[in-house]
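See structure below.
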Amino acid sequence: MKIALLGYGKMGKIIEKIAIDRKHEIVLKIDQDNLSELTKENLQRADVAIEFSTPHTALSNINNCLDAGVPIVVGTTGWLNDIPVIKQRCEDEGLAFIYGTNFSVGVNIFFHVNKMLAKIMNGYNYYDVQVEEIHHTQKLDSPSGTAITIAEGIINNLDAKQEWVNVLTAEGLEATDNVKADELLIESYRIDSVPGTHTVIYDSEVDSIEFKHTAHNRNGFALGAVMAAEWIQNRKGFYSVEDMFDFTLNNK
Ligand SMILES: NC(=O)c1ccc[n+]([C@@H]2O[C@H](COP(=O)([O-])OP(=O)(O)OC[C@H]3O[C@@H](n4cnc5c(N)ncnc54)[C@H](O)[C@@H]3O)[C@@H](O)[C@H]2O)c1
């Protein structure tokens, strides 16, 4: 498979390595220094594009790929308010698009179990719930896209919570002031070189239940993005990473 990489930062470089290990070829690499190479002709040399750039540049890169008719995998976070427009384009024009706030298999298992746990906790309303996320200090958006997906999974399944609120918290400080009972607090911490840690905490007077995912490095995100490129290559339509996985309970 021929791949165009849009964004050649920390993620782009790991995706390149994993794609080559899986026998794919990188035919285009775009970063902020060579944007003039982002032409329709160059994009059309690829079977699929993988976009991991910045919250402010993702939308324009996505539209360029859709204009060129190239299927695209999008991992960039912090731009998702614009997603309805992209969904409409894919449906109207028969284009292929898959996005995920987090492509790691482990996190997608976490997303699934998080929803099941929220449903269970409807019966035990003496627990309050909050989400914590920790990322490296260069991260541009807050809360993380992954934390937003976790929060949406809770809000859509737990009657007590209606919307999320975010507090970017200095290390060690508590940020629970001014959060209403029906609001779900997402506490964000920025600490050097942490690839991504997310914890859902149900707390009561008698005990706490903590459900946690810790990324040890970025390889899991990158492998999932390459798997998504393989998956979307011969499809049409608008997908989220959850469509790639089947977590149906079975006896295997
Ligand atoms: N979905 C996931 O699984 C997942 C995992 C990790 C990170 N992310 C997200 O991916 C994005 C990139 O993360 P990163 O750690 O590689 O960041 P990074 O800052 O290391 O890399 C971003 C790169 O984009 C480049 N860039 C700037 N303008 C550009 C443009 N117009 N076109 C193409 N590239 C451009 C920058 O020069 C930089 O090299 C972030 O939004 C991050 O939150 C998603």
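Chain labels follow the order of the structure tokens: the first chain is A, the next B, and so on; residue numbering restarts at 1 in every chain, and ligands are counted from 1 in their shown order.
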**Request:** Can you tell me which residues come within 9 Å of ligand 1 when counting only C-alpha atoms and all ligand atoms, ideally as a PyMOL selection string?
**Result:** chain A and resi 5-14+29-35+38+51-58+60-61+74-79+99-104+107+138-141+144-146+195-196+218+220-222+224-225
Generate a file of the selected residues that holds C-alpha atoms, formatted as a PDB file, in the first residue's frame.
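Done, and the output landed in out_11.pdb:
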```pdb
ATOM      1  CA  LEU A   5       1.943  11.086   5.699  1.00  0.00           C
ATOM      2  CA  LEU A   6       0.458  14.489   6.579  1.00  0.00           C
ATOM      3  CA  GLY A   7       2.314  15.641   9.685  1.00  0.00           C
ATOM      4  CA  TYR A   8       5.817  14.327  10.287  1.00  0.00           C
ATOM      5  CA  GLY A   9       6.254  14.980  13.994  1.00  0.00           C
ATOM      6  CA  LYS A  10       6.468  12.482  16.849  1.00  0.00           C
ATOM      7  CA  MET A  11       3.570  10.377  15.533  1.00  0.00           C
ATOM      8  CA  GLY A  12       4.349  10.730  11.813  1.00  0.00           C
ATOM      9  CA  LYS A  13       7.869   9.359  12.333  1.00  0.00           C
ATOM     10  CA  ILE A  14       6.695   6.290  14.308  1.00  0.00           C
ATOM     11  CA  LYS A  29       5.709  13.212   3.690  1.00  0.00           C
ATOM     12  CA  ILE A  30       4.239  16.643   4.446  1.00  0.00           C
ATOM     13  CA  ASP A  31       5.264  18.808   7.381  1.00  0.00           C
ATOM     14  CA  GLN A  32       5.180  22.585   7.927  1.00  0.00           C
ATOM     15  CA  ASP A  33       8.437  23.099   5.974  1.00  0.00           C
ATOM     16  CA  ASN A  34       7.274  21.563   2.647  1.00  0.00           C
ATOM     17  CA  LEU A  35       3.578  22.473   2.396  1.00  0.00           C
ATOM     18  CA  LEU A  38       0.785  19.093  -0.784  1.00  0.00           C
ATOM     19  CA  GLU A  51      -3.018  12.712   9.058  1.00  0.00           C
ATOM     20  CA  PHE A  52      -1.332  13.475  12.422  1.00  0.00           C
ATOM     21  CA  SER A  53      -0.593  17.222  12.352  1.00  0.00           C
ATOM     22  CA  THR A  54      -2.033  19.982  14.563  1.00  0.00           C
ATOM     23  CA  PRO A  55      -5.559  21.012  15.646  1.00  0.00           C
ATOM     24  CA  HIS A  56      -5.336  24.093  13.360  1.00  0.00           C
ATOM     25  CA  THR A  57      -4.081  22.359  10.222  1.00  0.00           C
ATOM     26  CA  ALA A  58      -6.028  19.082  10.215  1.00  0.00           C
ATOM     27  CA  SER A  60      -7.471  21.878   5.572  1.00  0.00           C
ATOM     28  CA  ASN A  61      -5.336  18.732   5.093  1.00  0.00           C
ATOM     29  CA  VAL A  74      -7.131  11.125  10.868  1.00  0.00           C
ATOM     30  CA  GLY A  75      -5.562  10.931  14.319  1.00  0.00           C
ATOM     31  CA  THR A  76      -5.180  14.643  15.014  1.00  0.00           C
ATOM     32  CA  THR A  77      -7.271  15.806  17.961  1.00  0.00           C
ATOM     33  CA  GLY A  78      -8.680  19.226  18.874  1.00  0.00           C
ATOM     34  CA  TRP A  79     -10.528  19.938  15.593  1.00  0.00           C
ATOM     35  CA  TYR A  99     -10.923   9.158  12.523  1.00  0.00           C
ATOM     36  CA  GLY A 100     -10.133   8.263  16.087  1.00  0.00           C
ATOM     37  CA  THR A 101      -9.191  10.290  19.112  1.00  0.00           C
ATOM     38  CA  ASN A 102      -7.058   7.277  19.959  1.00  0.00           C
ATOM     39  CA  PHE A 103      -6.076   4.420  17.633  1.00  0.00           C
ATOM     40  CA  SER A 104      -4.558   2.110  20.239  1.00  0.00           C
ATOM     41  CA  VAL A 107      -7.663   2.308  24.553  1.00  0.00           C
ATOM     42  CA  GLN A 138       3.964  19.878  24.286  1.00  0.00           C
ATOM     43  CA  LYS A 139       0.362  18.736  23.842  1.00  0.00           C
ATOM     44  CA  LEU A 140      -1.601  21.604  22.243  1.00  0.00           C
ATOM     45  CA  ASP A 141      -5.188  20.674  23.166  1.00  0.00           C
ATOM     46  CA  SER A 144      -7.191  15.275  25.334  1.00  0.00           C
ATOM     47  CA  GLY A 145      -9.406  13.923  22.551  1.00  0.00           C
ATOM     48  CA  THR A 146      -9.230  10.558  24.308  1.00  0.00           C
ATOM     49  CA  PRO A 195       2.612   9.652  26.269  1.00  0.00           C
ATOM     50  CA  GLY A 196      -0.943   9.437  27.697  1.00  0.00           C
ATOM     51  CA  ARG A 218       3.400   5.942  21.162  1.00  0.00           C
ATOM     52  CA  GLY A 220       0.252   1.452  20.016  1.00  0.00           C
ATOM     53  CA  PHE A 221      -1.302   4.619  18.542  1.00  0.00           C
ATOM     54  CA  ALA A 222       0.878   4.352  15.437  1.00  0.00           C
ATOM     55  CA  GLY A 224      -3.559   1.290  15.158  1.00  0.00           C
ATOM     56  CA  ALA A 225      -3.324   4.132  12.625  1.00  0.00           C
TER      57      ALA A 225
END
```
**Prompt:** segment 82-141 of chain A: which residues are strand (DSSP E) by DSSP, as a list in words?
**Reply:**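 Going through segment 82-141 of chain A, the strand (DSSP E) residues come out as Ala96, Phe97, Ile98, Tyr99, Asp128, Val129, Gln130, Val131, Glu132, Glu133, Ile134 and His135 of chain A.
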**Item:** Among the residues A:Lys212, A:Asn81, A:Met227, A:Asn63, the one that comes closest to Ile109 of chain A [using only C-alpha atoms]
**Value:**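 Ranked by minimum distance to Ile109 of chain A, first place goes to A:Lys212.
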**Request:** Taking the DSSP assignment computed from this structure's backbone, write out as a ChimeraX atom specification all residues of segment 60-231 of chain A that belong to helix (DSSP H, G or I).
**Result:** /A:60-68,80-93,105-121,145-155,219-231
Please list as a PDB file with N, CA, C and O atoms, in the first residue's frame every residue within 8 Å of Leu158 of chain A, counting only C-alpha atoms and excluding residues in the same chain fewer than 4 positions away.
```
ATOM      1  N   ALA A 118     -20.237   2.543  33.044  1.00  0.00           N
ATOM      2  CA  ALA A 118     -21.146   3.674  33.301  1.00  0.00           C
ATOM      3  C   ALA A 118     -22.591   3.182  33.419  1.00  0.00           C
ATOM      4  O   ALA A 118     -23.343   3.622  34.302  1.00  0.00           O
ATOM      5  N   LYS A 119     -22.958   2.244  32.569  1.00  0.00           N
ATOM      6  CA  LYS A 119     -24.331   1.680  32.630  1.00  0.00           C
ATOM      7  C   LYS A 119     -24.556   1.009  33.993  1.00  0.00           C
ATOM      8  O   LYS A 119     -25.596   1.196  34.620  1.00  0.00           O
ATOM      9  N   MET A 121     -23.111   1.655  36.768  1.00  0.00           N
ATOM     10  CA  MET A 121     -23.073   2.601  37.886  1.00  0.00           C
ATOM     11  C   MET A 121     -24.369   3.398  38.029  1.00  0.00           C
ATOM     12  O   MET A 121     -24.568   4.056  39.052  1.00  0.00           O
ATOM     13  N   ASN A 122     -25.268   3.321  37.029  1.00  0.00           N
ATOM     14  CA  ASN A 122     -26.596   3.936  37.173  1.00  0.00           C
ATOM     15  C   ASN A 122     -27.319   3.425  38.413  1.00  0.00           C
ATOM     16  O   ASN A 122     -28.116   4.134  39.005  1.00  0.00           O
ATOM     17  N   ILE A 154     -19.284   8.124  29.129  1.00  0.00           N
ATOM     18  CA  ILE A 154     -19.942   8.153  30.445  1.00  0.00           C
ATOM     19  C   ILE A 154     -21.277   8.907  30.338  1.00  0.00           C
ATOM     20  O   ILE A 154     -22.322   8.404  30.768  1.00  0.00           O
TER      21      ILE A 154
END
```
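The nearest approach to Gly123 of chain A among the residues A:Asp159, A:Thr137, A:Glu93, A:Thr149, with only C-alpha atoms taken into account, belongs to A:Asp159.
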**Asked** Using only C-alpha atoms, which of the listed residues (A:Glu187, A:Glu205, A:Asp67, A:Glu37) sits closest to Cys90 of chain A?
**Response**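 Ranking A:Glu187, A:Glu205, A:Asp67, A:Glu37 by distance to Cys90 of chain A, first place goes to A:Asp67.
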